[in-house]
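What's in run-v8.cif: mmCIF, C-alpha atoms
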data_model
#
loop_
_atom_site.label_atom_id
_atom_site.label_comp_id
_atom_site.auth_asym_id
_atom_site.auth_seq_id
_atom_site.Cartn_x
_atom_site.Cartn_y
_atom_site.Cartn_z
CA MET A 1 141.31 90.91 84.13
CA LYS A 2 139.89 89.06 87.13
CA LYS A 3 141.54 91.52 89.52
CA LYS A 4 140.03 94.46 87.66
CA PHE A 5 136.64 92.79 87.68
CA VAL A 6 136.81 92.20 91.43
CA PHE A 7 138.07 95.75 91.99
CA TYR A 8 135.29 97.44 90.06
CA LEU A 9 132.72 95.08 91.52
CA SER A 10 133.93 95.94 95.04
CA ILE A 11 133.58 99.67 94.39
CA ILE A 12 130.14 99.31 92.98
CA VAL A 13 129.03 96.95 95.73
CA LEU A 14 130.24 99.53 98.27
CA LEU A 15 128.23 102.21 96.50
CA GLY A 16 125.24 99.96 96.26
CA SER A 17 125.54 98.81 99.86
CA CYS A 18 125.14 102.25 101.38
CA TYR A 19 121.68 101.33 102.53
CA PRO A 20 119.62 104.37 103.53
CA ASP A 21 119.22 105.12 107.22
CA GLY A 22 115.80 105.33 108.76
CA VAL A 23 114.85 106.97 112.04
CA GLU A 24 117.46 109.35 113.44
CA TYR A 25 115.54 111.23 116.15
CA TYR A 26 113.15 110.01 118.85
CA ASP A 27 110.29 112.25 117.72
CA GLU A 28 110.37 110.65 114.27
CA THR A 29 108.86 107.56 115.90
CA ASP A 30 105.79 109.50 117.18
CA ILE A 31 102.50 108.48 115.63
CA VAL A 32 98.94 109.62 116.39
CA TYR A 33 95.90 107.47 115.68
CA THR A 34 92.22 108.43 115.86
CA ASN A 35 89.00 106.55 115.21
CA TYR A 36 85.35 107.56 115.69
CA ASP A 37 81.79 106.33 115.49
CA ASP A 38 80.37 107.96 112.38
CA GLN A 39 76.81 107.28 113.62
CA PHE A 40 77.25 109.54 116.63
CA ASP A 41 76.19 113.19 116.23
CA PHE A 42 78.91 115.17 118.03
CA SER A 43 77.52 118.52 116.93
CA SER A 44 74.30 117.98 118.92
CA LYS A 45 76.21 117.56 122.22
CA GLY A 46 78.04 120.16 124.24
CA THR A 47 79.28 119.03 127.65
CA TYR A 48 82.00 116.69 128.80
CA ALA A 49 83.66 115.55 132.01
CA ILE A 50 87.25 114.48 132.58
CA PRO A 51 88.98 112.94 135.63
CA ASP A 52 91.60 115.01 137.43
CA LYS A 53 94.14 112.18 137.24
CA ILE A 54 95.45 110.11 134.36
CA VAL A 55 95.55 106.37 135.00
CA LYS A 56 98.87 104.60 134.45
CA ILE A 57 98.17 101.06 133.33
CA GLU A 58 100.69 98.54 134.68
CA GLY A 59 98.92 95.22 134.44
CA ASP A 60 95.95 93.81 136.34
CA ILE A 61 94.68 95.84 139.27
CA ILE A 62 94.65 94.00 142.58
CA GLN A 63 91.20 94.22 144.06
CA GLY A 64 90.99 96.90 146.72
CA GLU A 65 94.14 98.67 145.65
CA PRO A 66 93.96 101.98 143.80
CA PRO A 67 95.47 102.20 140.32
CA GLU A 68 98.70 103.97 139.56
CA PHE A 69 98.48 107.53 138.30
CA VAL A 70 100.73 109.77 136.28
CA LYS A 71 102.86 111.94 138.56
CA GLU A 72 102.82 115.68 138.72
CA PRO A 73 103.51 118.01 136.98
CA GLN A 74 103.05 115.81 133.91
CA ASN A 75 99.52 114.84 134.93
CA THR A 76 98.28 118.44 135.10
CA GLN A 77 100.15 119.48 131.94
CA MET A 78 98.57 116.74 129.89
CA LEU A 79 95.06 117.26 131.29
CA GLN A 80 95.27 121.00 130.63
CA LYS A 81 96.26 120.34 127.02
CA MET A 82 93.28 118.00 126.53
CA GLN A 83 90.89 120.49 128.11
CA ALA A 84 92.22 123.33 125.97
CA ASN A 85 91.58 121.32 122.81
CA MET A 86 88.07 120.34 123.90
CA THR A 87 87.27 123.98 124.69
CA ALA A 88 88.57 125.07 121.29
CA LEU A 89 86.13 122.58 119.71
CA GLY A 90 83.25 124.17 121.56
CA TRP A 91 82.86 121.75 124.48
CA THR A 92 82.02 122.86 128.03
CA LYS A 93 83.55 121.02 130.93
CA VAL A 94 81.25 119.93 133.78
CA GLU A 95 82.33 118.40 137.07
CA ASP A 96 79.67 115.70 137.38
CA PRO A 97 80.22 112.94 134.79
CA SER A 98 76.64 111.72 135.20
CA THR A 99 75.35 115.00 133.77
CA ALA A 100 77.87 115.25 130.91
CA ASP A 101 77.12 114.26 127.33
CA LEU A 102 80.53 112.63 127.04
CA VAL A 103 83.32 111.60 129.42
CA LEU A 104 86.96 111.77 128.37
CA PHE A 105 89.06 108.95 129.89
CA PRO A 106 92.83 109.35 129.47
CA ALA A 107 95.28 106.54 130.22
CA VAL A 108 98.98 105.90 129.66
CA TRP A 109 101.30 102.92 129.69
CA THR A 110 104.85 102.05 128.81
CA ASN A 111 106.18 98.89 127.19
CA THR A 112 109.77 97.74 127.35
CA THR A 113 111.11 95.30 124.79
CA ILE A 114 114.35 93.47 125.58
CA TYR A 115 116.20 91.54 122.93
CA TYR A 116 119.48 89.71 122.92
CA TRP A 117 121.52 87.49 120.68
CA TYR A 118 124.46 85.26 121.45
CA ASP A 119 124.99 83.00 118.47
CA TYR A 120 125.83 85.71 116.02
CA TRP A 121 129.08 84.04 114.93
CA CYS A 122 127.97 80.41 114.86
CA TRP A 123 128.11 80.35 111.07
CA TYR A 124 131.81 81.28 111.21
CA TYR A 125 133.19 79.12 113.97
CA PRO A 126 130.91 77.02 116.15
CA TYR A 127 133.41 77.19 119.01
CA TYR A 128 132.33 80.79 119.52
CA CYS A 129 128.72 79.74 119.66
CA GLY A 130 127.47 79.52 123.24
CA TRP A 131 129.85 77.93 125.77
CA GLY A 132 130.45 81.35 127.26
CA TRP A 133 132.21 82.59 124.13
CA GLY A 134 129.04 83.77 122.47
CA TYR A 135 129.51 87.38 123.69
CA PRO A 136 125.79 87.88 124.21
CA SER A 137 124.55 91.29 123.24
CA VAL A 138 121.54 92.73 124.99
CA SER A 139 119.55 95.76 124.04
CA SER A 140 116.17 97.22 124.91
CA TYR A 141 113.83 100.01 124.03
CA THR A 142 110.77 101.49 125.77
CA THR A 143 107.71 102.95 124.13
CA GLY A 144 105.08 105.16 125.69
CA THR A 145 101.39 105.25 124.76
CA LEU A 146 98.65 107.75 125.65
CA VAL A 147 95.06 106.80 124.92
CA MET A 148 92.12 109.22 125.17
CA THR A 149 88.63 107.77 124.91
CA LEU A 150 85.37 109.69 124.66
CA VAL A 151 82.50 107.65 126.05
CA ALA A 152 78.79 108.41 125.71
CA ASP A 153 76.43 107.13 128.41
CA GLY A 154 73.03 108.72 128.08
CA GLU A 155 69.53 107.26 128.47
CA GLU A 156 69.62 106.06 124.89
CA TYR A 157 72.52 103.68 125.65
CA ILE A 158 72.24 100.26 127.29
CA ASP A 159 75.96 100.27 127.99
CA PRO A 160 78.49 103.13 127.77
CA SER A 161 79.50 103.55 124.19
CA ARG A 162 82.94 104.53 122.95
CA VAL A 163 82.46 107.22 120.31
CA TRP A 164 86.03 108.46 119.79
CA THR A 165 89.53 107.18 120.46
CA GLY A 166 92.76 109.11 120.18
CA ALA A 167 96.07 107.34 120.75
CA ALA A 168 99.67 108.53 120.62
CA ASN A 169 102.71 106.27 120.66
CA GLY A 170 106.44 106.89 120.48
CA LEU A 171 109.88 105.78 121.55
CA LEU A 172 110.88 107.07 124.97
CA SER A 173 114.19 108.89 125.08
CA GLY A 174 114.71 108.62 128.82
CA ALA A 175 114.57 112.40 129.18
CA TYR A 176 111.09 113.68 129.92
CA ASN A 177 109.83 115.80 127.04
CA ILE A 178 106.34 117.26 127.54
CA SER A 179 106.46 118.97 124.14
CA ARG A 180 106.24 115.63 122.31
CA VAL A 181 103.18 114.63 124.37
CA ASN A 182 101.51 118.04 123.93
CA LYS A 183 102.14 117.95 120.20
CA ALA A 184 100.56 114.49 120.01
CA ILE A 185 97.48 115.60 121.97
CA ASP A 186 97.07 118.63 119.69
CA GLN A 187 97.44 116.43 116.61
CA ALA A 188 94.81 113.95 117.83
CA PHE A 189 92.21 116.73 118.12
CA GLU A 190 93.39 118.52 114.98
CA GLN A 191 92.75 115.40 112.88
CA SER A 192 89.27 115.03 114.45
CA PRO A 193 87.32 118.05 113.15
CA TYR A 194 84.07 116.03 113.45
CA LEU A 195 84.35 116.53 117.26
CA LYS A 196 83.40 120.17 116.84
CA THR A 197 80.16 121.02 118.56
CA ASN A 198 77.88 124.01 118.19
CA MET V 1 158.29 90.49 47.95
CA LYS V 2 155.14 92.20 46.71
CA LYS V 3 153.17 89.10 47.63
CA LEU V 4 154.71 89.15 51.09
CA ILE V 5 153.80 92.82 51.59
CA PHE V 6 150.31 92.15 50.27
CA LEU V 7 149.84 89.18 52.61
CA THR V 8 151.17 91.18 55.57
CA ILE V 9 148.76 94.04 54.90
CA ALA V 10 145.87 91.62 54.34
CA CYS V 11 146.59 89.80 57.60
CA SER V 12 146.80 93.09 59.50
CA LEU V 13 143.49 94.21 58.10
CA PHE V 14 141.96 90.86 58.90
CA LEU V 15 143.18 91.05 62.48
CA THR V 16 141.90 94.63 62.82
CA THR V 17 138.57 93.67 61.33
CA LYS V 18 138.39 90.69 63.69
CA SER V 19 138.68 93.07 66.68
CA PHE V 20 135.70 95.20 65.65
CA GLY V 21 133.81 93.13 63.15
CA GLN V 22 131.87 90.83 65.43
CA ALA V 23 130.15 90.53 68.73
CA GLU V 24 132.32 89.36 71.62
CA SER V 25 131.20 87.59 74.76
CA TYR V 26 131.67 89.66 77.89
CA THR V 27 130.79 90.24 81.50
CA SER V 28 130.07 93.70 82.79
CA VAL V 29 129.37 95.55 86.01
CA HIS V 30 127.52 98.86 86.18
CA TYR V 31 126.54 101.58 88.56
CA ALA V 32 122.84 102.31 88.10
CA VAL V 33 120.69 105.37 88.77
CA SER V 34 116.99 104.61 88.58
CA PHE V 35 113.72 106.54 88.41
CA GLY V 36 110.42 105.04 89.48
CA MET V 37 107.43 105.19 87.13
CA GLY V 38 103.71 104.61 87.69
CA ASP V 39 102.91 103.09 91.07
CA LEU V 40 106.58 103.00 92.14
CA GLY V 41 107.01 106.65 91.15
CA ASP V 42 103.92 107.58 93.16
CA TYR V 43 105.19 105.65 96.19
CA ILE V 44 108.75 107.01 96.04
CA SER V 45 109.24 110.14 93.98
CA LYS V 46 113.00 110.41 94.54
CA ALA V 47 115.58 108.84 92.26
CA SER V 48 117.53 105.79 93.38
CA TRP V 49 121.26 106.51 93.60
CA ARG V 50 122.03 103.08 95.01
CA GLY V 51 122.09 100.52 92.22
CA ILE V 52 124.26 97.83 90.73
CA THR V 53 123.76 95.63 87.68
CA VAL V 54 125.85 92.67 86.53
CA ASP V 55 125.56 91.31 83.00
CA TYR V 56 126.82 88.22 81.22
CA ARG V 57 126.60 88.07 77.42
CA ARG V 58 127.62 85.30 75.05
CA ALA V 59 127.99 86.02 71.35
CA VAL V 60 125.78 83.87 69.16
CA ASN V 61 126.78 85.45 65.87
CA ASN V 62 128.31 88.71 64.65
CA ASN V 63 125.45 90.81 65.95
CA LEU V 64 123.55 88.80 68.53
CA LEU V 65 124.43 88.23 72.17
CA VAL V 66 122.39 86.32 74.71
CA GLY V 67 122.92 86.04 78.40
CA LEU V 68 121.81 86.85 81.89
CA GLU V 69 121.40 89.96 83.99
CA ALA V 70 120.98 90.55 87.70
CA GLY V 71 120.72 93.77 89.63
CA TRP V 72 119.83 95.49 92.89
CA HIS V 73 118.28 98.93 92.93
CA VAL V 74 117.31 100.65 96.18
CA PHE V 75 114.61 103.34 96.27
CA TYR V 76 114.15 105.36 99.45
CA GLU V 77 112.23 108.39 100.60
CA LYS V 78 111.51 109.93 103.98
CA LYS V 79 108.04 111.49 103.97
CA ASP V 80 107.67 114.43 106.35
CA PHE V 81 105.06 114.31 109.11
CA ASP V 82 101.70 113.88 107.40
CA THR V 83 98.19 112.56 107.95
CA TYR V 84 96.68 109.48 106.27
CA THR V 85 92.96 108.69 106.47
CA VAL V 86 91.09 105.53 105.54
CA GLY V 87 87.40 105.49 106.41
CA ASN V 88 86.94 106.47 110.05
CA GLU V 89 90.59 105.92 110.92
CA THR V 90 93.36 108.52 110.71
CA LEU V 91 97.06 108.03 111.32
CA SER V 92 99.69 110.77 111.46
CA GLY V 93 103.44 110.48 111.57
CA VAL V 94 106.72 110.42 109.67
CA GLN V 95 106.98 107.66 107.05
CA PHE V 96 110.15 105.97 105.83
CA ARG V 97 109.59 104.31 102.49
CA TYR V 98 111.95 101.71 101.06
CA GLN V 99 111.67 99.66 97.91
CA ASN V 100 114.28 97.15 96.79
CA GLU V 101 114.09 95.94 93.20
CA VAL V 102 116.09 92.84 92.24
CA PRO V 103 115.73 91.98 88.55
CA ILE V 104 116.90 88.55 87.35
CA LEU V 105 116.50 88.24 83.60
CA ALA V 106 117.47 86.27 80.54
CA THR V 107 118.56 88.76 77.89
CA ALA V 108 119.24 89.15 74.20
CA ASP V 109 121.08 92.11 72.67
CA TYR V 110 121.37 92.98 68.99
CA LEU V 111 124.37 95.05 67.92
CA ILE V 112 123.20 97.61 65.41
CA ILE V 113 126.82 98.23 64.42
CA SER V 114 129.38 95.54 65.17
CA ASP V 115 132.36 96.51 63.02
CA SER V 116 133.34 99.59 64.94
CA PRO V 117 134.83 100.32 68.36
CA LEU V 118 131.52 102.04 69.13
CA LYS V 119 128.74 99.45 69.12
CA PRO V 120 125.20 100.66 69.71
CA TYR V 121 122.70 97.96 70.49
CA ILE V 122 119.12 97.25 71.47
CA GLY V 123 118.18 94.59 73.96
CA LEU V 124 115.29 92.74 75.54
CA GLY V 125 115.02 90.80 78.74
CA ILE V 126 112.52 88.40 80.29
CA GLY V 127 112.48 87.01 83.77
CA THR V 128 111.45 88.07 87.23
CA ILE V 129 111.85 90.99 89.62
CA TYR V 130 111.80 90.56 93.37
CA SER V 131 110.19 93.69 94.82
CA GLU V 132 110.45 94.40 98.52
CA ARG V 133 108.37 97.35 99.68
CA ASN V 134 108.71 98.43 103.31
CA THR V 135 106.71 101.26 104.82
CA GLU V 136 107.85 102.24 108.31
CA MET V 137 105.76 104.51 110.51
CA GLY V 138 106.52 104.91 114.20
CA LEU V 139 107.77 101.55 115.38
CA TYR V 140 105.64 99.64 112.88
CA ARG V 141 106.45 98.30 109.44
CA LEU V 142 104.24 97.18 106.59
CA GLU V 143 105.97 94.74 104.23
CA GLU V 144 105.02 93.63 100.75
CA ASN V 145 107.48 91.42 98.86
CA PRO V 146 106.21 89.72 95.74
CA TRP V 147 108.10 88.09 92.90
CA GLN V 148 106.80 89.64 89.71
CA PHE V 149 107.03 88.45 86.13
CA ALA V 150 109.19 91.04 84.35
CA LEU V 151 110.14 92.34 80.94
CA LYS V 152 112.93 94.75 80.10
CA GLY V 153 113.77 96.96 77.14
CA GLU V 154 117.26 98.36 76.67
CA LEU V 155 119.19 100.80 74.49
CA GLY V 156 122.90 101.06 74.93
CA VAL V 157 126.36 101.41 73.53
CA LEU V 158 129.64 99.58 74.03
CA TYR V 159 132.83 101.51 73.45
CA LYS V 160 136.00 99.49 73.19
CA ILE V 161 138.91 101.17 74.96
CA ASN V 162 141.44 98.39 74.54
CA PHE V 163 141.74 94.85 73.30
CA SER V 164 139.54 93.29 75.97
CA THR V 165 137.79 96.13 77.77
CA SER V 166 134.84 98.30 76.88
CA VAL V 167 132.89 101.06 78.53
CA LYS V 168 129.18 100.26 78.55
CA PHE V 169 126.38 102.80 78.79
CA ALA V 170 122.77 101.69 78.76
CA VAL V 171 119.27 102.96 79.39
CA LYS V 172 116.92 100.23 80.57
CA TYR V 173 113.25 100.11 81.37
CA TYR V 174 112.10 97.36 83.72
CA ASN V 175 108.47 96.40 84.21
CA GLY V 176 107.33 94.00 86.90
CA PHE V 177 103.75 92.90 86.32
CA LYS V 178 100.92 93.23 88.80
CA THR V 179 100.47 90.65 91.55
CA ASN V 180 97.97 90.33 94.41
CA SER V 181 100.14 92.45 96.69
CA LEU V 182 101.60 95.08 94.35
CA ASP V 183 100.55 96.82 91.15
CA ASN V 184 102.83 97.04 88.12
CA GLN V 185 106.27 98.23 89.20
CA GLY V 186 108.14 100.03 86.45
CA TYR V 187 111.32 102.05 86.49
CA LEU V 188 113.90 103.56 84.17
CA SER V 189 117.54 102.79 84.91
CA ILE V 190 120.65 104.59 83.63
CA ASN V 191 123.65 102.26 83.73
CA LEU V 192 127.35 103.08 83.32
CA GLY V 193 130.07 100.49 83.75
CA MET V 194 132.85 98.38 82.37
CA ALA V 195 132.72 95.26 80.22
CA TRP V 196 135.46 92.65 79.94
CA ASP V 197 135.67 90.22 77.05
CA ILE V 198 135.70 86.53 77.92
#
Once you've parsed the file, please lay out its structure as structure tokens.
Amino acid sequence: MKKKFVFYLSIIVLLGSCYPDGVEYYDETDIVYTNYDDQFDFSSKGTYAIPDKIVKIEGDIIQGEPPEFVKEPQNTQMLQKMQANMTALGWTKVEDPSTADLVLFPAVWTNTTIYYWYDYWCWYYPYYCGWGWGYPSVSSYTTGTLVMTLVADGEEYIDPSRVWTGAANGLLSGAYNISRVNKAIDQAFEQSPYLKTN
Amino acid sequence: MKKLIFLTIACSLFLTTKSFGQAESYTSVHYAVSFGMGDLGDYISKASWRGITVDYRRAVNNNLLVGLEAGWHVFYEKKDFDTYTVGNETLSGVQFRYQNEVPILATADYLIISDSPLKPYIGLGIGTIYSERNTEMGLYRLEENPWQFALKGELGVLYKINFSTSVKFAVKYYNGFKTNSLDNQGYLSINLGMAWDI
């Protein structure tokens, strides 16, 4: 009777232990976040400026040294996608940021997380814990983030004021895939219909 | 001779009656399919096909059994890419929703019919349910894991297939009561398994 009990329990535990998988593909980790100042009247504005390079943030900038920028052709591809979305929302690009109603500042960065473990079997046999027998396992993953910020700096402002933020984040696959970035940029503007101007 | 035959028949009947005429203590293991209701059903609309329940019942009299029950039921759903807005903030992405329900209950079952190989019964349970709700979006996870006071109602049937073994089929409704982190969590569970007399 005990053997039968253990047998049936084993089968059912196996069935019950098939825990569902989560993420299977890199693009399933892509998320897009937007936030805006609901006191700002976007519809009364019409012009914007945008740099011709996207800043790549890699820590503190050393005084006197220029920042890092996103390389071509990715830089141009991403800027063109942002400009296309702004145009579709009724905005007109101007070259001089001091004359624009808003300035769009894009920036990117990557973040690598490294994790390891070496005492996985300590509970079983302490001899295998450390002392070179721990068989350390090391793994890492890298995420990429794109942030787009619309800043207003007219006469009515004491300091430049952030009125809209769009951010996209996802797990990097190692193979450059502009379609994921373009899709994220499109999504950020699609979920911001309040940006539409007359 | 007649007395001997009479006694033999009487003893046989007595033994037969003893097999079906009273409740017997048992342990049982079941495979469980569960369906979320209320808040749980809104969070995860798909059925749980990953579930196990283990019961222990001790006969108090011919019709009443008391005991313990423990289980593990896993609910899971992958939500396609979608947009979620709260106030001025909007987040888009693929969501992976998991909810683990672990009921631990004291139980009492009443056999409606006890003198038959087929024994329908009704049961009640009182105890606690550990609910673990995980919402994964991108590389982020939101966790809520309260212990909830719980009640259970049950309808089932035991069918004896040999001297010490029965097939058990039961429909159970679990309700975990509201806490600060989660609303009422209720679900219906269909259980099929084997019971062994002890």
Got a sec to pull out which chain A residues are within 6 Å of chain V, counting all atoms listed in the file, and send them as number ranges by chain?
A: 16, 28-36
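Picked out by the PyMOL selection byres ((chain V and resi 100-113) around 6) when it runs on this file: V:Asn63, V:Leu64, V:Leu65, V:Val66, V:Gly67, V:Leu68, V:Glu69, V:Ala70, V:Gly71, V:Trp72, V:His73, V:Val74, V:Gln99, V:Ser114, V:Asp115, V:Lys119, V:Pro120, V:Tyr121, V:Ile122, V:Gly123, V:Leu124, V:Gly125, V:Ile126, V:Gly127, V:Thr128, V:Ile129, V:Tyr130, V:Ser131, V:Glu132.
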3 Å per side around range 86-99 of chain V: axis-aligned box centre and edge lengths, as JSON:
{"center_x": 99.4, "center_y": 105.2, "center_z": 104.7, "size_x": 31.0, "size_y": 17.1, "size_z": 19.7}
I need every residue sitting at most 7 Å from the point (95.9, 104.3, 125.9) (coordinates as in the file, all atoms listed in the file considered), written as number ranges by chain.
A: 106-109, 145-148, 167
The PyMOL selection byres ((chain A and resi 88-92) around 8) applied to the shown file, residues as a list in words:
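Taken over the shown coordinates, the PyMOL selection byres ((chain A and resi 88-92) around 8) returns Gly46, Thr47, Tyr48, Ala84, Asn85, Met86, Thr87, Lys93, Val94, Leu195, Lys196, Thr197 and Asn198 of chain A.
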Taking the block just given, write range 21-73 of chain A to a file that holds C-alpha atoms, as a PDB file, in the first residue's frame.
ATOM      1  CA  ASP A  21       7.625  28.790 -18.319  1.00  0.00           C
ATOM      2  CA  GLY A  22       7.813  32.537 -18.594  1.00  0.00           C
ATOM      3  CA  VAL A  23       9.727  34.567 -21.155  1.00  0.00           C
ATOM      4  CA  GLU A  24      10.836  32.617 -24.217  1.00  0.00           C
ATOM      5  CA  TYR A  25      11.854  35.368 -26.658  1.00  0.00           C
ATOM      6  CA  TYR A  26      13.926  38.524 -26.177  1.00  0.00           C
ATOM      7  CA  ASP A  27      11.179  40.844 -27.433  1.00  0.00           C
ATOM      8  CA  GLU A  28       8.830  39.569 -24.719  1.00  0.00           C
ATOM      9  CA  THR A  29      10.973  41.526 -22.250  1.00  0.00           C
ATOM     10  CA  ASP A  30      10.367  44.861 -24.071  1.00  0.00           C
ATOM     11  CA  ILE A  31       8.393  47.418 -22.107  1.00  0.00           C
ATOM     12  CA  VAL A  32       7.499  51.030 -22.935  1.00  0.00           C
ATOM     13  CA  TYR A  33       6.758  53.625 -20.260  1.00  0.00           C
ATOM     14  CA  THR A  34       5.393  57.153 -20.693  1.00  0.00           C
ATOM     15  CA  ASN A  35       4.550  59.933 -18.280  1.00  0.00           C
ATOM     16  CA  TYR A  36       3.436  63.534 -18.872  1.00  0.00           C
ATOM     17  CA  ASP A  37       2.625  66.798 -17.163  1.00  0.00           C
ATOM     18  CA  ASP A  38      -1.142  67.085 -17.348  1.00  0.00           C
ATOM     19  CA  GLN A  39      -0.916  70.850 -16.662  1.00  0.00           C
ATOM     20  CA  PHE A  40       0.955  71.488 -19.901  1.00  0.00           C
ATOM     21  CA  ASP A  41      -1.137  72.375 -22.964  1.00  0.00           C
ATOM     22  CA  PHE A  42       0.510  70.457 -25.824  1.00  0.00           C
ATOM     23  CA  SER A  43      -2.172  71.419 -28.321  1.00  0.00           C
ATOM     24  CA  SER A  44      -1.248  75.125 -28.090  1.00  0.00           C
ATOM     25  CA  LYS A  45       2.373  74.448 -29.159  1.00  0.00           C
ATOM     26  CA  GLY A  46       3.690  73.451 -32.541  1.00  0.00           C
ATOM     27  CA  THR A  47       7.477  73.445 -32.910  1.00  0.00           C
ATOM     28  CA  TYR A  48      10.231  71.265 -31.547  1.00  0.00           C
ATOM     29  CA  ALA A  49      13.977  70.791 -31.888  1.00  0.00           C
ATOM     30  CA  ILE A  50      16.010  67.601 -31.614  1.00  0.00           C
ATOM     31  CA  PRO A  51      19.791  67.005 -31.533  1.00  0.00           C
ATOM     32  CA  ASP A  52      21.367  65.181 -34.459  1.00  0.00           C
ATOM     33  CA  LYS A  53      23.092  62.708 -32.134  1.00  0.00           C
ATOM     34  CA  ILE A  54      21.805  60.467 -29.376  1.00  0.00           C
ATOM     35  CA  VAL A  55      23.834  60.558 -26.169  1.00  0.00           C
ATOM     36  CA  LYS A  56      25.086  57.238 -24.812  1.00  0.00           C
ATOM     37  CA  ILE A  57      25.263  57.475 -21.038  1.00  0.00           C
ATOM     38  CA  GLU A  58      28.197  55.553 -19.560  1.00  0.00           C
ATOM     39  CA  GLY A  59      28.723  57.101 -16.163  1.00  0.00           C
ATOM     40  CA  ASP A  60      29.985  60.530 -15.130  1.00  0.00           C
ATOM     41  CA  ILE A  61      31.345  62.745 -17.875  1.00  0.00           C
ATOM     42  CA  ILE A  62      34.920  63.887 -17.372  1.00  0.00           C
ATOM     43  CA  GLN A  63      35.043  67.638 -17.626  1.00  0.00           C
ATOM     44  CA  GLY A  64      36.249  68.774 -21.026  1.00  0.00           C
ATOM     45  CA  GLU A  65      35.613  65.467 -22.709  1.00  0.00           C
ATOM     46  CA  PRO A  66      32.672  65.027 -25.073  1.00  0.00           C
ATOM     47  CA  PRO A  67      30.043  62.418 -24.229  1.00  0.00           C
ATOM     48  CA  GLU A  68      29.708  59.141 -26.049  1.00  0.00           C
ATOM     49  CA  PHE A  69      27.170  58.951 -28.846  1.00  0.00           C
ATOM     50  CA  VAL A  70      25.251  56.167 -30.492  1.00  0.00           C
ATOM     51  CA  LYS A  71      27.053  54.963 -33.614  1.00  0.00           C
ATOM     52  CA  GLU A  72      25.732  55.086 -37.118  1.00  0.00           C
ATOM     53  CA  PRO A  73      23.541  53.870 -38.737  1.00  0.00           C
TER      54      PRO A  73
END
